[in-house]
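Q: Pasting a structure below so you can have a look.
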Amino acid sequence: MLVSQILKSKSDDGVVTLPPGTIISRVAEVLSARRIGAVVISPDGKKLAGIVSERDIVREIGRRGASCLNENVDTIMTAKVVACARGDNANDVLQKMTDGRFRHIPVLEGDELIGLISIGDVVKSRLSELNMEKDALEGMIKGF
């Protein structure tokens, strides 16, 4: 399965982005209100400047206390983001996410942000693919 197929299966809400310089407490509010695990930091909604997850925020609070919530997101965001493309194989993307120990990966077309997929999206697509394979094999065995 390709990343493009995963993107098609997702609801078309687009990617939630916030501009650099956003206060961390605002990022936390957006994550909570939207019930999402990560937000892309982008100056224009298309160029990727970084990514911040709820884990990043929790770790920083644990390390420095709640005062960090008043700082800019730029201080905790991951600026060297691992990304993927529409044509990438979902298994390869899953391997990147597993190796890098992150749960969200932006999808880029050239330098433009076109989507964001989570490890849950990739696992869901893989389970669907395995279920189709199982059904096909059962059909072959039963003579359908």
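So you can find residues: chains in the structure tokens are A, B, ... in the order shown, residues in each start at 1, and ligands are numbered from 1 in order.
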For segment 86-95 of chain A, find every residue with an atom within 10 Å (counting only C-alpha atoms), except residues of its own chain fewer than 5 positions away, and show them as number ranges by chain.

A: A: 1-7, 100-103, 105, 107-109, 114-115, 117-123, 125-126

Q: Check the DSSP output for the backbone and give back, as a PyMOL selection string, the residues of segment 27-137 of chain A in helix (DSSP H, G or I).

A: chain A and resi 27-34+54-64+66-70+73-75+90-100+119-137

Q: For segment 78-126 of chain A versus segment 48-66 of chain A, which residues have an atom no more than 9 Å away, and what is each residue's nearest atom pair and distance in Å rounded to one decimal, using only C-alpha atoms, chain-then-number order, as JSON lines?

A:
```
{"residue": "A:Thr78", "atom": "CA", "partner": "A:Gly50", "partner_atom": "CA", "distance": 5.3}
{"residue": "A:Ala79", "atom": "CA", "partner": "A:Gly50", "partner_atom": "CA", "distance": 4.3}
{"residue": "A:Lys80", "atom": "CA", "partner": "A:Gly50", "partner_atom": "CA", "distance": 6.9}
{"residue": "A:Val81", "atom": "CA", "partner": "A:Gly50", "partner_atom": "CA", "distance": 6.2}
{"residue": "A:Arg103", "atom": "CA", "partner": "A:Ser53", "partner_atom": "CA", "distance": 8.7}
{"residue": "A:His104", "atom": "CA", "partner": "A:Ser53", "partner_atom": "CA", "distance": 8.2}
{"residue": "A:Ile105", "atom": "CA", "partner": "A:Ile51", "partner_atom": "CA", "distance": 8.9}
{"residue": "A:Pro106", "atom": "CA", "partner": "A:Leu48", "partner_atom": "CA", "distance": 8.5}
{"residue": "A:Leu108", "atom": "CA", "partner": "A:Leu48", "partner_atom": "CA", "distance": 8.7}
{"residue": "A:Asp111", "atom": "CA", "partner": "A:Leu48", "partner_atom": "CA", "distance": 7.7}
{"residue": "A:Glu112", "atom": "CA", "partner": "A:Leu48", "partner_atom": "CA", "distance": 7.4}
{"residue": "A:Leu113", "atom": "CA", "partner": "A:Leu48", "partner_atom": "CA", "distance": 6.5}
```

Q: Skipping near chain neighbours, those fewer than 3 positions away, what residues fall within 12 Å of Ser25 of chain A using only C-alpha atoms, listed as a PyMOL selection string?

A: chain A and resi 21-22+28-32+54+57-58+60-61+66-73

Q: Quote the spacing between atom CA of Ile41 of chain A and atom CA of Thr75 of chain A in Å to one decimal place.

A: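 Computed distance, atom CA of Ile41 of chain A to atom CA of Thr75 of chain A, equals 11.8 Å.
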